[in-house]
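Trainee: Here it is: the structure, laid out below.
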Amino acid sequence: MSQTSIDPRSLRAPPKRPIKLSWADERIRGIFWQVVVVGIVVSIVWWLWSNTVHNLEVRRIATGFGFLNREAGLPIAESIIDYNPTNTYLRALIVGLLNTLKVAVVGIILATIFGTLIGIARLSKNWVLRTLSATYVEVIRDLPLLLQLLFWYAILQGLPGPRQAMHPAEGVFLSNRGLKLPWIEWEGAHSLALLAFVVGLVVTFLYRRQAVAKQITDGVPRHTWPVALVALVAVPLAAWAALGAPFTPDIPALRGFNFQGGLTLSPEYFALLAGLVMYTAGFVAEIVRAGIQAVPNGQREAAQALGLRPGAVLRLVVLPQALRVIVPPMTSQYLNITKNSSLAVAIGYQDIVSIANTTLNQTGQAIEGIAIIMLVYLTISLSISGFMNWYNARIALVER
Amino acid sequence: MSEAAIPTAARSAPITLVGPIAWVRTNLFSGWFSGLFSLVLLFLIVKWTLGFIEWGVINAVWSVPNNQTQACRDLKGTGACWAVITEKHRFILFGTYPYEEQWRAFLSILVFIGLFIVSAMRRFWRKELGLIWIGALTTIGVLMWGGVLGLNYVPQERWGGLVITLILATFGLAFAFPLSILVALGRRSKLPAIKALCVIYVELIRGVPLISLLFMASVMFPLFLPEGMNIDKLLRAQIAIILFAGAYLAEVVRGGLQSLPRGQYEAADALGLSYWKKTGFIILPQALRLVIPPLVNTFIGFFKDTSLVLIIGIFDLLTAGKTAIIEPAWQGFGIEVYLTVGFIYFCFCFAMSRYSQNLEAELNQHRVR
């Protein structure tokens, strides 16, 4: 390619004019307005701050985070780590944070799966399926999430008690005490197998990357699945078997007035998760549909003309292009799930907002309590958007 | 010989290609799996619809004599108890507004709806629309507060129900929209200090949930003010909602500013227009037009989000619904109340979303070939 000739005049930097101390100079006006705006903002903040300091003195509220080490005395119904009311406020807040993460992570995974299915169903050739999913999306997006949460919670509370619990399958009970599922007794061998599986995922990923790189240089296709089979199935199974292959099913059963054993999803957690997943799935479905529709038909036809099989067309041609459209709005949906999980406080699930709220009511430390809530969410939001930006940059279209 | 020259009418397409049978074949039974799937889905839909009609209409109880809900309890969940709506509908719509003055709240709701309809019509998209908004909002203020024109004064603490939802959403919008334009312009400004302030504001607000802002408004705000000065709880929540909506709307407006071709900015500069003239006459009219559909979508989200004031105890539509079933006689009829309240929210949001879709099609007409 020949170099297009560039007008040499445009290469020269514009002449530097000395700043004239006059209203006619744009830069002087800019500095003036900035000083005015910053001055106004600073004086408002200073005014609020001095009022706050004065009010805190008058009401004899101590500032600082010293209260975190005091005994909390607040009971928490469900917790991943050991907790009892004699623990400190700090530990109570950590329990709340873990509860938030528990609902947000599971919610993100389920909403992605459920939403993608609905999004694909909206493009189905089958009229019933298409109309049904379109109606779902339209209705669910036009109702406030808080209303939906209260609705699901009301339904769960209206369920019969444990003795008349719904019993759709062996070991599954749905009652006003929540959902009971069969589980296994967790032992060291299971943790080891899980660890081996995670390591296997990394190994498979690295192997595949190398295989693709080699294929690009010599054109010989290499299969990933034998490595994946060994790393993801054989090694974890071997690790599990090496420790004696323990397997004790833990099936919930009715004893007296309540259930014993099994995995419990409390009504609060269940209502919050169901509400969040169903609500967000409506938005995810629209994003997925738009993403798929954004890939021109010609791309699909060209891939078929090259002789790719249908699976390969989807994997190599359609999905990479659709993902470019899907990822940025999906990021904000993931952020929304995390932020919306704070509505837990309305139905009594003890997440970080609920526990921080109780803390600030008990101790009177309003500023610190709200600062903790905001800091936690800012950290989560920034890390999710940081990760998604990194992923988005990886899959973005690389132009010359 | 001449017969061949007589033109015959075109034969109609085979029945398997056009008409209802063809439609059913392609849309319902394009394969044995698809056909089976359609039948199963249709069966489930019919079954659930019939079940809902049985619960909601046939077995339902529509009214009970003075709070005797035994008839409803006897149904044991096989039928709806719409009596709770019959009994409590005024409470759900108007909250604790004085009973004989509730026509004023009702009239305010009508003024709100009229205002929305007028604002939605393109022929009213002129400067006079601002005057209409000021007039309508003043009328609503007079109707709700009273104290003049022979109307009794009703303190803010007694307001409630649908009016509060509409007030929070509409006033929030009226103030957040201008704020968002300023912030969006500030974020695109070349002045570093102003740009930094706007970026911090937007990112800070968008990074935290609305609930934390509402908590801030209800718990922390009183600490910010000088002693003796007190702002009403409703107003505090309103300020939190304005700040929240302002940040989100600002991002939408910024999208419009960014999608405008550079040539427009440069042409305005070349004409020698000042910054505000350039912005007011050239940039904003085009940029805002581009973002009307996403703006309406943000409004919908924002209308739904006003329901969060339930958590700090402000009496909006959802709070009124939740409070209506606290009374022991009516406990356990949450589903009926939430369905009704949900229906009201749905009507507003659905109208807005349909409007946004139509508008998008209309504004994009010049692009359709």
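Chain labels run A, B, ... following the order of the structure tokens; each chain numbers its residues from 1, and ligands are numbered from 1 in the order shown.
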Write out as a ChimeraX atom specification every residue belonging to chain B that has an atom at most 8 Å from any atom of chain A, counting only C-alpha atoms.
Mentor: /B:26-30,34,38,41-42,191,193-194,204,207-209,211-212,215-216,219-220,223-227,300,304-305,307-308,311,318,332,334-335,338,342,345-346,349-350
Trainee: Write to file, as a short mmCIF file (atom, residue, chain, number, x, y, z; two decimals), in the first residue's frame, the residues of the selection just made, with N, CA and C atoms.
Mentor:
```cif
data_model
loop_
_atom_site.label_atom_id
_atom_site.label_comp_id
_atom_site.auth_asym_id
_atom_site.auth_seq_id
_atom_site.Cartn_x
_atom_site.Cartn_y
_atom_site.Cartn_z
N THR B 26 -46.09 -25.37 9.66
CA THR B 26 -44.75 -24.82 9.86
C THR B 26 -44.53 -24.36 11.28
N ASN B 27 -45.58 -23.85 11.93
CA ASN B 27 -45.37 -23.26 13.24
C ASN B 27 -45.58 -24.21 14.40
N LEU B 28 -46.35 -25.27 14.19
CA LEU B 28 -46.62 -26.16 15.32
C LEU B 28 -46.05 -27.55 15.10
N PHE B 29 -46.12 -28.08 13.86
CA PHE B 29 -45.74 -29.48 13.66
C PHE B 29 -44.67 -29.62 12.59
N SER B 30 -43.57 -28.88 12.75
CA SER B 30 -42.56 -28.94 11.70
C SER B 30 -41.77 -30.25 11.78
N SER B 34 -41.09 -31.51 17.43
CA SER B 34 -41.72 -30.21 17.60
C SER B 34 -43.22 -30.36 17.82
N SER B 38 -45.29 -29.17 21.01
CA SER B 38 -46.42 -28.23 20.94
C SER B 38 -47.61 -28.77 21.71
N LEU B 41 -47.02 -28.62 25.47
CA LEU B 41 -47.10 -27.23 25.94
C LEU B 41 -48.54 -26.72 25.94
N LEU B 42 -49.25 -26.99 24.82
CA LEU B 42 -50.64 -26.53 24.73
C LEU B 42 -51.48 -27.14 25.84
N LEU B 191 -12.86 20.23 30.65
CA LEU B 191 -12.33 20.78 31.90
C LEU B 191 -12.12 19.65 32.89
N ALA B 193 -11.44 19.22 36.13
CA ALA B 193 -12.04 19.16 37.45
C ALA B 193 -13.53 18.81 37.35
N ILE B 194 -14.22 19.42 36.39
CA ILE B 194 -15.66 19.17 36.23
C ILE B 194 -15.88 17.73 35.77
N LEU B 204 -19.94 6.31 41.51
CA LEU B 204 -20.27 6.03 42.92
C LEU B 204 -21.72 5.58 43.04
N GLY B 207 -22.47 2.19 41.45
CA GLY B 207 -21.82 1.06 42.08
C GLY B 207 -22.54 0.53 43.30
N VAL B 208 -23.47 1.30 43.86
CA VAL B 208 -24.13 0.85 45.09
C VAL B 208 -25.62 0.64 44.82
N PRO B 209 -26.26 -0.25 45.59
CA PRO B 209 -27.70 -0.46 45.38
C PRO B 209 -28.51 0.74 45.84
N ILE B 211 -31.05 0.72 47.65
CA ILE B 211 -31.40 0.59 49.06
C ILE B 211 -30.42 1.33 49.95
N SER B 212 -29.12 1.24 49.63
CA SER B 212 -28.14 1.89 50.51
C SER B 212 -28.33 3.40 50.45
N PHE B 215 -31.38 4.08 52.61
CA PHE B 215 -30.99 4.02 54.03
C PHE B 215 -30.28 5.29 54.43
N MET B 216 -29.39 5.73 53.53
CA MET B 216 -28.65 6.95 53.79
C MET B 216 -29.62 8.10 54.00
N VAL B 219 -31.53 7.38 57.47
CA VAL B 219 -30.79 7.33 58.72
C VAL B 219 -29.74 8.42 58.83
N MET B 220 -28.98 8.62 57.73
CA MET B 220 -27.83 9.50 57.82
C MET B 220 -28.17 10.97 57.56
N LEU B 223 -28.42 13.64 60.16
CA LEU B 223 -27.15 14.05 60.76
C LEU B 223 -26.47 15.15 59.96
N PHE B 224 -26.78 15.21 58.65
CA PHE B 224 -26.11 16.16 57.77
C PHE B 224 -26.60 17.59 57.98
N LEU B 225 -27.81 17.75 58.49
CA LEU B 225 -28.42 19.07 58.54
C LEU B 225 -28.13 19.75 59.87
N PRO B 226 -28.14 21.09 59.87
CA PRO B 226 -27.93 21.79 61.13
C PRO B 226 -29.04 21.44 62.12
N GLU B 227 -28.73 21.59 63.39
CA GLU B 227 -29.70 21.26 64.43
C GLU B 227 -31.00 22.03 64.25
N ILE B 300 -38.93 3.12 32.86
CA ILE B 300 -39.69 1.96 33.33
C ILE B 300 -38.98 1.36 34.54
N LYS B 304 -40.40 1.13 38.49
CA LYS B 304 -40.46 -0.07 39.31
C LYS B 304 -39.63 0.11 40.58
N ASP B 305 -38.50 0.80 40.45
CA ASP B 305 -37.60 0.94 41.59
C ASP B 305 -38.17 1.81 42.69
N SER B 307 -40.68 1.29 44.17
CA SER B 307 -41.28 0.40 45.16
C SER B 307 -40.32 0.09 46.30
N LEU B 308 -39.02 0.37 46.11
CA LEU B 308 -38.04 0.06 47.16
C LEU B 308 -38.22 0.92 48.41
N ILE B 311 -38.87 -0.39 51.99
CA ILE B 311 -37.91 -0.83 52.99
C ILE B 311 -37.66 0.24 54.03
N LEU B 318 -46.96 -0.42 46.90
CA LEU B 318 -46.61 -1.75 47.38
C LEU B 318 -46.68 -1.83 48.91
N GLY B 332 -52.66 -13.76 55.33
CA GLY B 332 -52.62 -14.97 54.50
C GLY B 332 -53.23 -14.78 53.13
N GLY B 334 -51.99 -12.69 50.89
CA GLY B 334 -50.97 -11.91 50.19
C GLY B 334 -51.03 -12.09 48.69
N ILE B 335 -51.29 -13.32 48.23
CA ILE B 335 -51.23 -13.59 46.79
C ILE B 335 -52.23 -12.73 46.03
N TYR B 338 -51.01 -9.06 46.08
CA TYR B 338 -49.84 -8.82 45.23
C TYR B 338 -50.20 -8.95 43.76
N GLY B 342 -49.59 -5.91 41.45
CA GLY B 342 -48.77 -6.21 40.29
C GLY B 342 -49.46 -5.80 39.00
N TYR B 345 -49.03 -2.03 38.52
CA TYR B 345 -47.68 -1.73 38.03
C TYR B 345 -47.55 -2.15 36.58
N PHE B 346 -48.09 -3.34 36.26
CA PHE B 346 -47.95 -3.87 34.90
C PHE B 346 -48.59 -2.93 33.89
N CYS B 349 -46.22 0.03 33.31
CA CYS B 349 -44.95 -0.34 32.66
C CYS B 349 -45.20 -0.86 31.25
N PHE B 350 -46.26 -1.64 31.08
CA PHE B 350 -46.55 -2.20 29.76
C PHE B 350 -46.86 -1.09 28.77
#
```
Trainee: Name the residues in contact with region 231-241 of chain B at a cut-off of 8 Å, using only C-alpha atoms, excluding same-chain residues fewer than 3 positions from it; report them as a list in words.
Mentor: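 Here the answer would be Gln156, Leu168, Phe171, Gly172, Leu210, Leu213, Leu214, Ala217, Ser218, Phe221, Pro222, Phe244, Ala245, Thr306, Val309 and Ile314 of chain B.
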Trainee: What's around region 257-274 of chain B at 8 Å? Count only C-alpha atoms, leave out sequence neighbours fewer than 2 positions away in its own chain, and write the answer as a PyMOL selection string.
Mentor: chain B and resi 253-255+276-278+282-284+286-288
Trainee: Considering only helix (DSSP H, G or I) as DSSP defines it on the backbone, what residues of region 107-147 of chain A qualify? List them as a ChimeraX atom specification.
Mentor: /A:107-121,127-141,145-147
Trainee: Which residues come within 7 Å of region 137-146 of chain B, counting only C-alpha atoms, excluding same-chain residues fewer than 3 positions away, as a list in words?
Mentor: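 With the cut-off at 7 Å, the set is Arg104, Ala105, Ser108, Trp133, Ile134, Leu151, Asn152, Tyr153, Val154 and Pro155 of chain B.
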Trainee: For C-alpha atoms, I'd like the residues from the last selection saved as a PDB file, in the first residue's frame.
Mentor:
```pdb
ATOM      1  CA  ARG B 104     -58.687  14.612  45.669  1.00  0.00           C
ATOM      2  CA  ALA B 105     -56.084  11.842  45.575  1.00  0.00           C
ATOM      3  CA  SER B 108     -54.418  13.723  41.275  1.00  0.00           C
ATOM      4  CA  TRP B 133     -45.674  20.074  33.477  1.00  0.00           C
ATOM      5  CA  ILE B 134     -45.349  23.004  35.869  1.00  0.00           C
ATOM      6  CA  LEU B 151     -59.785  22.456  50.601  1.00  0.00           C
ATOM      7  CA  ASN B 152     -58.835  21.059  53.979  1.00  0.00           C
ATOM      8  CA  TYR B 153     -55.129  20.787  54.706  1.00  0.00           C
ATOM      9  CA  VAL B 154     -53.826  17.198  54.577  1.00  0.00           C
ATOM     10  CA  PRO B 155     -50.328  16.681  56.045  1.00  0.00           C
TER      11      PRO B 155
END
```
Trainee: Set the distance at 10 Å and use only C-alpha atoms: which residues neighbour Ala228 (chain A) once local chain neighbours fewer than 5 positions away are removed? I'd like the list as a VMD selection string.
Mentor: chain A and resid 200 to 201 203 to 205 207 to 208 223 233 to 234
Trainee: Once you have the residues from the selection above, write them out as a JSON list (two decimals), in the first residue's frame, restricted to C-alpha atoms.
Mentor:
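What landed in selection.json:
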```
[["chain", "number", "residue", "atom", "x", "y", "z"],
["A", 200, "GLY", "CA", -8.26, -30.55, 35.87],
["A", 201, "LEU", "CA", -10.22, -27.60, 34.47],
["A", 203, "VAL", "CA", -5.03, -28.27, 32.86],
["A", 204, "THR", "CA", -7.64, -28.86, 30.14],
["A", 205, "PHE", "CA", -7.83, -25.16, 29.40],
["A", 207, "TYR", "CA", -3.80, -27.96, 26.94],
["A", 208, "ARG", "CA", -6.50, -26.75, 24.60],
["A", 223, "HIS", "CA", -8.37, -33.73, 20.06],
["A", 233, "VAL", "CA", -13.22, -37.44, 35.33],
["A", 234, "ALA", "CA", -10.51, -40.05, 35.86]]
```
Trainee: Measure the distance from CA of Asn99 (chain A) to CA of Leu181 (chain A) in Å and round it to one decimal.
Mentor: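 Computed distance, CA of Asn99 (chain A) to CA of Leu181 (chain A), equals 19.2 Å.
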Trainee: Figure out the distance between CA of Phe343 (chain B) and CA of Phe303 (chain B), please, to one decimal in Å.
Mentor: 14.1 Å
Trainee: Report the distance between CA of Phe281 (chain B) and CA of Thr170 (chain B) in Å, rounded to one decimal place.
Mentor: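 Computed distance, CA of Phe281 (chain B) to CA of Thr170 (chain B), equals 26.3 Å.
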Trainee: Can you tell me, as a PyMOL selection string, what residues are no more than 7 Å from Leu265 (chain A) when counting only C-alpha atoms, ignoring any on the same chain fewer than 6 positions away?
Mentor: chain A and resi 178-180
Trainee: Between B:Leu129, B:Ala136, B:Ile164, B:Leu185, which one has atoms that come closest to Ala250 (chain B), using only C-alpha atoms?
Mentor: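 Closest to Ala250 (chain B) of all the choices is B:Leu185.
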